file start24.txt (compact mmCIF, N, CA and C atoms)
# COMPACT_ATOMS: atom_id res chain seq x y z
N MET A 283 27.90 -13.27 -21.66
CA MET A 283 28.03 -14.34 -20.68
C MET A 283 26.83 -15.27 -20.81
N THR A 284 27.07 -16.56 -20.82
CA THR A 284 25.98 -17.52 -20.90
C THR A 284 25.33 -17.68 -19.53
N ARG A 285 24.17 -18.30 -19.53
CA ARG A 285 23.47 -18.58 -18.27
C ARG A 285 24.34 -19.44 -17.36
N GLU A 286 25.01 -20.42 -17.93
CA GLU A 286 25.86 -21.31 -17.15
C GLU A 286 27.03 -20.55 -16.53
N GLN A 287 27.64 -19.66 -17.32
CA GLN A 287 28.75 -18.84 -16.82
C GLN A 287 28.26 -17.90 -15.72
N PHE A 288 27.08 -17.31 -15.92
CA PHE A 288 26.52 -16.40 -14.93
C PHE A 288 26.28 -17.14 -13.62
N GLU A 289 25.67 -18.31 -13.70
CA GLU A 289 25.40 -19.10 -12.50
C GLU A 289 26.71 -19.50 -11.80
N ALA A 290 27.70 -19.91 -12.55
CA ALA A 290 28.99 -20.29 -11.97
C ALA A 290 29.64 -19.10 -11.28
N ASP A 291 29.54 -17.92 -11.88
CA ASP A 291 30.11 -16.71 -11.30
C ASP A 291 29.39 -16.34 -10.00
N LEU A 292 28.06 -16.48 -10.00
CA LEU A 292 27.31 -16.22 -8.78
C LEU A 292 27.81 -17.11 -7.65
N LYS A 293 27.89 -18.40 -7.92
CA LYS A 293 28.31 -19.36 -6.89
C LYS A 293 29.73 -19.08 -6.42
N ALA A 294 30.62 -18.74 -7.36
CA ALA A 294 32.02 -18.46 -7.02
C ALA A 294 32.15 -17.23 -6.13
N ASN A 295 31.17 -16.33 -6.20
CA ASN A 295 31.22 -15.10 -5.42
C ASN A 295 30.28 -15.12 -4.21
N GLY A 296 29.83 -16.31 -3.83
CA GLY A 296 29.07 -16.46 -2.59
C GLY A 296 27.60 -16.12 -2.66
N TYR A 297 27.02 -16.08 -3.86
CA TYR A 297 25.59 -15.80 -4.01
C TYR A 297 24.78 -17.09 -3.96
N GLN A 298 23.61 -17.01 -3.35
CA GLN A 298 22.64 -18.11 -3.41
C GLN A 298 21.94 -17.97 -4.76
N VAL A 299 21.85 -19.04 -5.52
CA VAL A 299 21.25 -19.00 -6.86
C VAL A 299 19.78 -19.41 -6.79
N VAL A 300 18.93 -18.61 -7.42
CA VAL A 300 17.50 -18.92 -7.51
C VAL A 300 17.03 -18.64 -8.93
N TYR A 301 16.10 -19.45 -9.39
CA TYR A 301 15.44 -19.21 -10.67
C TYR A 301 14.03 -18.73 -10.36
N GLY A 302 13.54 -17.79 -11.13
CA GLY A 302 12.20 -17.28 -10.87
C GLY A 302 11.64 -16.56 -12.07
N GLY A 303 10.52 -15.90 -11.84
CA GLY A 303 9.88 -15.14 -12.90
C GLY A 303 8.65 -14.44 -12.39
N PHE A 304 8.08 -13.62 -13.25
CA PHE A 304 6.84 -12.90 -12.96
C PHE A 304 5.93 -13.01 -14.17
N ARG A 305 4.65 -12.99 -13.91
CA ARG A 305 3.66 -13.06 -14.99
C ARG A 305 3.67 -11.77 -15.81
N ALA A 306 3.05 -11.82 -16.96
CA ALA A 306 2.97 -10.67 -17.87
C ALA A 306 2.37 -9.46 -17.17
N ASN A 307 2.96 -8.31 -17.44
CA ASN A 307 2.48 -7.01 -16.98
C ASN A 307 2.47 -6.85 -15.45
N HIS A 308 3.19 -7.69 -14.75
CA HIS A 308 3.28 -7.58 -13.28
C HIS A 308 4.01 -6.29 -12.92
N GLU A 309 3.51 -5.61 -11.91
CA GLU A 309 4.13 -4.37 -11.40
C GLU A 309 4.53 -4.60 -9.95
N ASN A 310 5.75 -4.31 -9.63
CA ASN A 310 6.23 -4.40 -8.26
C ASN A 310 6.65 -2.98 -7.87
N PRO A 311 5.84 -2.29 -7.04
CA PRO A 311 6.15 -0.90 -6.71
C PRO A 311 7.49 -0.78 -5.98
N GLU A 312 7.94 0.44 -5.83
CA GLU A 312 9.25 0.68 -5.23
C GLU A 312 9.37 -0.05 -3.89
N HIS A 313 10.52 -0.73 -3.73
CA HIS A 313 10.79 -1.51 -2.53
C HIS A 313 12.30 -1.67 -2.39
N THR A 314 12.71 -2.26 -1.31
CA THR A 314 14.10 -2.63 -1.10
C THR A 314 14.14 -4.06 -0.60
N HIS A 315 15.33 -4.63 -0.56
CA HIS A 315 15.50 -5.92 0.09
C HIS A 315 16.86 -5.95 0.77
N PRO A 316 17.00 -6.76 1.81
CA PRO A 316 18.22 -6.73 2.63
C PRO A 316 19.36 -7.58 2.06
N TRP A 317 19.37 -7.84 0.78
CA TRP A 317 20.45 -8.62 0.17
C TRP A 317 20.88 -7.93 -1.12
N HIS A 318 22.13 -8.22 -1.52
CA HIS A 318 22.63 -7.78 -2.82
C HIS A 318 22.06 -8.75 -3.85
N ALA A 319 21.62 -8.23 -4.98
CA ALA A 319 21.04 -9.08 -6.01
C ALA A 319 21.76 -8.89 -7.34
N ARG A 320 21.95 -9.99 -8.03
CA ARG A 320 22.42 -9.97 -9.42
C ARG A 320 21.41 -10.81 -10.20
N VAL A 321 21.00 -10.30 -11.35
CA VAL A 321 19.93 -10.93 -12.11
C VAL A 321 20.31 -11.02 -13.58
N MET A 322 20.01 -12.16 -14.19
CA MET A 322 20.12 -12.31 -15.64
C MET A 322 18.76 -12.74 -16.17
N VAL A 323 18.27 -12.00 -17.14
CA VAL A 323 16.99 -12.34 -17.78
C VAL A 323 17.24 -13.50 -18.74
N ILE A 324 16.41 -14.54 -18.64
CA ILE A 324 16.56 -15.69 -19.54
C ILE A 324 15.38 -15.82 -20.48
N GLY A 325 14.36 -14.98 -20.30
CA GLY A 325 13.22 -14.95 -21.20
C GLY A 325 12.32 -13.76 -20.87
N GLY A 326 11.73 -13.17 -21.88
CA GLY A 326 10.84 -12.03 -21.66
C GLY A 326 11.61 -10.76 -21.40
N GLU A 327 10.99 -9.86 -20.63
CA GLU A 327 11.64 -8.59 -20.33
C GLU A 327 11.14 -8.01 -19.01
N ILE A 328 11.99 -7.18 -18.42
CA ILE A 328 11.64 -6.48 -17.19
C ILE A 328 12.31 -5.10 -17.23
N THR A 329 11.61 -4.12 -16.70
CA THR A 329 12.17 -2.79 -16.55
C THR A 329 12.36 -2.53 -15.07
N ILE A 330 13.57 -2.15 -14.71
CA ILE A 330 13.89 -1.81 -13.33
C ILE A 330 14.13 -0.32 -13.26
N THR A 331 13.43 0.34 -12.35
CA THR A 331 13.56 1.79 -12.19
C THR A 331 14.26 2.09 -10.88
N ARG A 332 15.37 2.82 -11.01
CA ARG A 332 16.13 3.27 -9.84
C ARG A 332 16.39 4.76 -10.00
N ASP A 333 16.22 5.51 -8.93
CA ASP A 333 16.43 6.96 -8.97
C ASP A 333 15.62 7.62 -10.08
N GLY A 334 14.41 7.10 -10.33
CA GLY A 334 13.55 7.67 -11.35
C GLY A 334 13.96 7.36 -12.77
N LYS A 335 14.96 6.49 -12.96
CA LYS A 335 15.48 6.16 -14.29
C LYS A 335 15.15 4.71 -14.63
N PRO A 336 14.23 4.49 -15.57
CA PRO A 336 13.91 3.12 -15.98
C PRO A 336 14.97 2.55 -16.91
N GLU A 337 15.25 1.25 -16.75
CA GLU A 337 16.18 0.55 -17.62
C GLU A 337 15.58 -0.81 -17.96
N LYS A 338 15.42 -1.08 -19.26
CA LYS A 338 14.81 -2.33 -19.72
C LYS A 338 15.88 -3.40 -19.92
N PHE A 339 15.56 -4.62 -19.47
CA PHE A 339 16.45 -5.76 -19.61
C PHE A 339 15.72 -6.87 -20.37
N LEU A 340 16.38 -7.38 -21.40
CA LEU A 340 15.85 -8.46 -22.24
C LEU A 340 16.68 -9.72 -22.03
N ALA A 341 16.25 -10.81 -22.64
CA ALA A 341 16.97 -12.09 -22.51
C ALA A 341 18.45 -11.90 -22.81
N GLY A 342 19.28 -12.38 -21.88
CA GLY A 342 20.73 -12.26 -22.01
C GLY A 342 21.31 -11.07 -21.28
N ASP A 343 20.47 -10.10 -20.92
CA ASP A 343 20.93 -8.92 -20.17
C ASP A 343 21.03 -9.25 -18.69
N SER A 344 21.91 -8.56 -18.00
CA SER A 344 22.03 -8.75 -16.56
C SER A 344 22.24 -7.41 -15.87
N CYS A 345 21.97 -7.40 -14.57
CA CYS A 345 22.17 -6.20 -13.78
C CYS A 345 22.38 -6.59 -12.33
N SER A 346 22.75 -5.61 -11.53
CA SER A 346 22.86 -5.83 -10.09
C SER A 346 22.11 -4.73 -9.37
N VAL A 347 21.58 -5.08 -8.22
CA VAL A 347 20.87 -4.13 -7.36
C VAL A 347 21.44 -4.31 -5.95
N PRO A 348 22.11 -3.28 -5.44
CA PRO A 348 22.68 -3.39 -4.10
C PRO A 348 21.60 -3.53 -3.03
N ALA A 349 21.97 -4.12 -1.91
CA ALA A 349 21.05 -4.23 -0.78
C ALA A 349 20.56 -2.84 -0.39
N ASN A 350 19.29 -2.78 -0.01
CA ASN A 350 18.64 -1.56 0.47
C ASN A 350 18.53 -0.45 -0.57
N CYS A 351 18.69 -0.77 -1.83
CA CYS A 351 18.55 0.21 -2.92
C CYS A 351 17.08 0.25 -3.36
N PRO A 352 16.41 1.40 -3.22
CA PRO A 352 15.02 1.50 -3.66
C PRO A 352 14.92 1.28 -5.18
N HIS A 353 14.00 0.42 -5.58
CA HIS A 353 13.79 0.17 -7.00
C HIS A 353 12.38 -0.38 -7.21
N ALA A 354 11.89 -0.22 -8.43
CA ALA A 354 10.59 -0.76 -8.83
C ALA A 354 10.81 -1.66 -10.04
N GLU A 355 9.87 -2.58 -10.25
CA GLU A 355 9.97 -3.53 -11.37
C GLU A 355 8.68 -3.54 -12.15
N SER A 356 8.82 -3.55 -13.47
CA SER A 356 7.68 -3.61 -14.37
C SER A 356 7.97 -4.66 -15.43
N VAL A 357 7.12 -5.67 -15.51
CA VAL A 357 7.34 -6.80 -16.41
C VAL A 357 6.64 -6.58 -17.74
N GLY A 358 7.26 -7.03 -18.80
CA GLY A 358 6.73 -6.88 -20.14
C GLY A 358 5.53 -7.77 -20.42
N PRO A 359 4.95 -7.64 -21.62
CA PRO A 359 3.71 -8.34 -21.96
C PRO A 359 3.83 -9.86 -22.09
N GLN A 360 5.05 -10.38 -22.12
CA GLN A 360 5.21 -11.83 -22.19
C GLN A 360 5.76 -12.42 -20.89
N GLY A 361 5.80 -11.60 -19.84
CA GLY A 361 6.35 -12.06 -18.57
C GLY A 361 7.86 -12.01 -18.59
N VAL A 362 8.46 -12.53 -17.54
CA VAL A 362 9.92 -12.58 -17.46
C VAL A 362 10.33 -13.83 -16.69
N ALA A 363 11.41 -14.44 -17.14
CA ALA A 363 12.05 -15.53 -16.42
C ALA A 363 13.49 -15.10 -16.17
N TYR A 364 14.02 -15.48 -15.01
CA TYR A 364 15.37 -15.02 -14.69
C TYR A 364 16.10 -16.01 -13.81
N ILE A 365 17.41 -15.85 -13.78
CA ILE A 365 18.26 -16.50 -12.78
C ILE A 365 18.79 -15.35 -11.93
N ALA A 366 18.75 -15.54 -10.61
CA ALA A 366 19.18 -14.46 -9.72
C ALA A 366 20.11 -15.00 -8.65
N GLY A 367 20.95 -14.11 -8.19
CA GLY A 367 21.82 -14.41 -7.07
C GLY A 367 21.50 -13.48 -5.92
N ARG A 368 21.44 -14.02 -4.73
CA ARG A 368 21.21 -13.22 -3.52
C ARG A 368 22.37 -13.45 -2.56
N LYS A 369 22.84 -12.34 -2.00
CA LYS A 369 23.97 -12.40 -1.06
C LYS A 369 23.68 -11.44 0.08
N PRO A 370 23.75 -11.90 1.32
CA PRO A 370 23.45 -11.02 2.45
C PRO A 370 24.31 -9.77 2.43
N ALA A 371 23.72 -8.67 2.87
CA ALA A 371 24.45 -7.40 2.91
C ALA A 371 25.49 -7.43 4.01

call {"tool": "encode", "arguments": {"input": "start24.txt", "output": "structure tokens"}}
result
Amino acid sequence: MTREQFEADLKANGYQVVYGGFRANHENPEHTHPWHARVMVIGGEITITRDGKPEKFLAGDSCSVPANCPHAESVGPQGVAYIAGRKPA
């Protein structure tokens, strides 16, 4: 799926679209948020750990994180840029 297709799908399914990123080697300890999230990496890499299982995402990869799901984030050495969708739980 292209970035444009991903963004169109987010909008069609009621997600608020945001672009963002984190600096190199940024660590975000385990947390939750009150919205459903869908994310597509558009540059760099990020590892998301859920239930003690890390999963690495590179440019072009996407994932979803349900609202209130505990997860941690670890950014690669070149940082990460992403497009994300947020939808209230």

call {"tool": "residues_around", "arguments": {"input": "start24.txt", "residues": "Phe304 (chain A)", "least_positions_apart": "2", "cutoff": "9 Å", "atoms": "only C-alpha atoms", "output": "PDB file with N, CA and C atoms, in the frame of the given file"}}
result
ATOM      1  N   GLY A 302      13.540 -17.790 -11.130  1.00  0.00           N
ATOM      2  CA  GLY A 302      12.200 -17.280 -10.870  1.00  0.00           C
ATOM      3  C   GLY A 302      11.640 -16.560 -12.070  1.00  0.00           C
ATOM      4  N   ALA A 306       3.050 -11.820 -16.960  1.00  0.00           N
ATOM      5  CA  ALA A 306       2.970 -10.670 -17.870  1.00  0.00           C
ATOM      6  C   ALA A 306       2.370  -9.460 -17.170  1.00  0.00           C
ATOM      7  N   ASN A 307       2.960  -8.310 -17.440  1.00  0.00           N
ATOM      8  CA  ASN A 307       2.480  -7.010 -16.980  1.00  0.00           C
ATOM      9  C   ASN A 307       2.470  -6.850 -15.450  1.00  0.00           C
ATOM     10  N   HIS A 308       3.190  -7.690 -14.750  1.00  0.00           N
ATOM     11  CA  HIS A 308       3.280  -7.580 -13.280  1.00  0.00           C
ATOM     12  C   HIS A 308       4.010  -6.290 -12.920  1.00  0.00           C
ATOM     13  N   VAL A 357       7.120  -5.670 -15.510  1.00  0.00           N
ATOM     14  CA  VAL A 357       7.340  -6.800 -16.410  1.00  0.00           C
ATOM     15  C   VAL A 357       6.640  -6.580 -17.740  1.00  0.00           C
ATOM     16  N   GLY A 361       5.800 -11.600 -19.840  1.00  0.00           N
ATOM     17  CA  GLY A 361       6.350 -12.060 -18.570  1.00  0.00           C
ATOM     18  C   GLY A 361       7.860 -12.010 -18.590  1.00  0.00           C
ATOM     19  N   VAL A 362       8.460 -12.530 -17.540  1.00  0.00           N
ATOM     20  CA  VAL A 362       9.920 -12.580 -17.460  1.00  0.00           C
ATOM     21  C   VAL A 362      10.330 -13.830 -16.690  1.00  0.00           C
ATOM     22  N   ALA A 363      11.410 -14.440 -17.140  1.00  0.00           N
ATOM     23  CA  ALA A 363      12.050 -15.530 -16.420  1.00  0.00           C
ATOM     24  C   ALA A 363      13.490 -15.100 -16.170  1.00  0.00           C
ATOM     25  N   TYR A 364      14.020 -15.480 -15.010  1.00  0.00           N
ATOM     26  CA  TYR A 364      15.370 -15.020 -14.690  1.00  0.00           C
ATOM     27  C   TYR A 364      16.100 -16.010 -13.810  1.00  0.00           C
TER      28      TYR A 364
END

call {"tool": "atom_distance", "arguments": {"input": "start24.txt", "atom1": "CA of Asp333 (chain A)", "atom2": "CA of Cys351 (chain A)"}}
result
9.3 Å

call {"tool": "closest_residue", "arguments": {"input": "start24.txt", "among": "A:Ile365, A:Arg332, A:Gly325, A:Ala354", "to": "Phe288 (chain A)", "atoms": "all atoms listed in the file"}}
result
A:Ile365

call {"tool": "residues_near_point", "arguments": {"input": "start24.txt", "point": "(8.4, -4.5, -10.1)", "cutoff": "7 Å", "atoms": "all atoms listed in the file", "output": "list in words"}}
result
His308, Glu309, Asn310, Pro311, Glu312, Thr329, Ile330, His353, Ala354, Glu355, Ser356 and Val357 of chain A

call {"tool": "select_by_dssp", "arguments": {"input": "start24.txt", "residues": "chain A", "states": "alpha helix (DSSP H)", "output": "NGL selection string"}}
result
:A and (285-294)

call {"tool": "closest_residue", "arguments": {"input": "start24.txt", "among": "A:Val299, A:Thr314, A:Arg305, A:Gly367", "to": "Asn350 (chain A)", "atoms": "all atoms listed in the file"}}
result
A:Thr314

call {"tool": "closest_residue", "arguments": {"input": "start24.txt", "among": "A:Ile328, A:Ala341, A:Gln298, A:Lys335", "to": "Arg368 (chain A)", "atoms": "all atoms listed in the file"}}
result
A:Gln298

call {"tool": "closest_residue", "arguments": {"input": "start24.txt", "among": "A:Pro352, A:Pro370, A:Leu340, A:Glu286", "to": "Ile324 (chain A)", "atoms": "only N, CA and C atoms"}}
result
A:Leu340

call {"tool": "closest_residue", "arguments": {"input": "start24.txt", "among": "A:Leu292, A:Val347, A:Gln287, A:Gln360", "to": "Trp317 (chain A)", "atoms": "all atoms listed in the file"}}
result
A:Val347

call {"tool": "closest_residue", "arguments": {"input": "start24.txt", "among": "A:Ala371, A:Val323, A:Val300, A:Ala294", "to": "Ser344 (chain A)", "atoms": "only C-alpha atoms"}}
result
A:Val323

call {"tool": "atom_distance", "arguments": {"input": "start24.txt", "atom1": "atom N of Gly296 (chain A)", "atom2": "atom N of Phe339 (chain A)"}}
result
24.2 Å

call {"tool": "residues_around", "arguments": {"input": "start24.txt", "residues": "Cys345 (chain A)", "least_positions_apart": "6", "cutoff": "7 Å", "atoms": "only N, CA and C atoms", "output": "count of residues only"}}
result
5

call {"tool": "select_by_dssp", "arguments": {"input": "start24.txt", "residues": "chain A", "states": "strand (DSSP E or B)", "output": "MDAnalysis selection string"}}
result
chainID A and resid 298:304 309:313 317:332 335:340 344:347 353:370

call {"tool": "atom_distance", "arguments": {"input": "start24.txt", "atom1": "atom N of Gly303 (chain A)", "atom2": "atom C of Met283 (chain A)"}}
result
18.6 Å
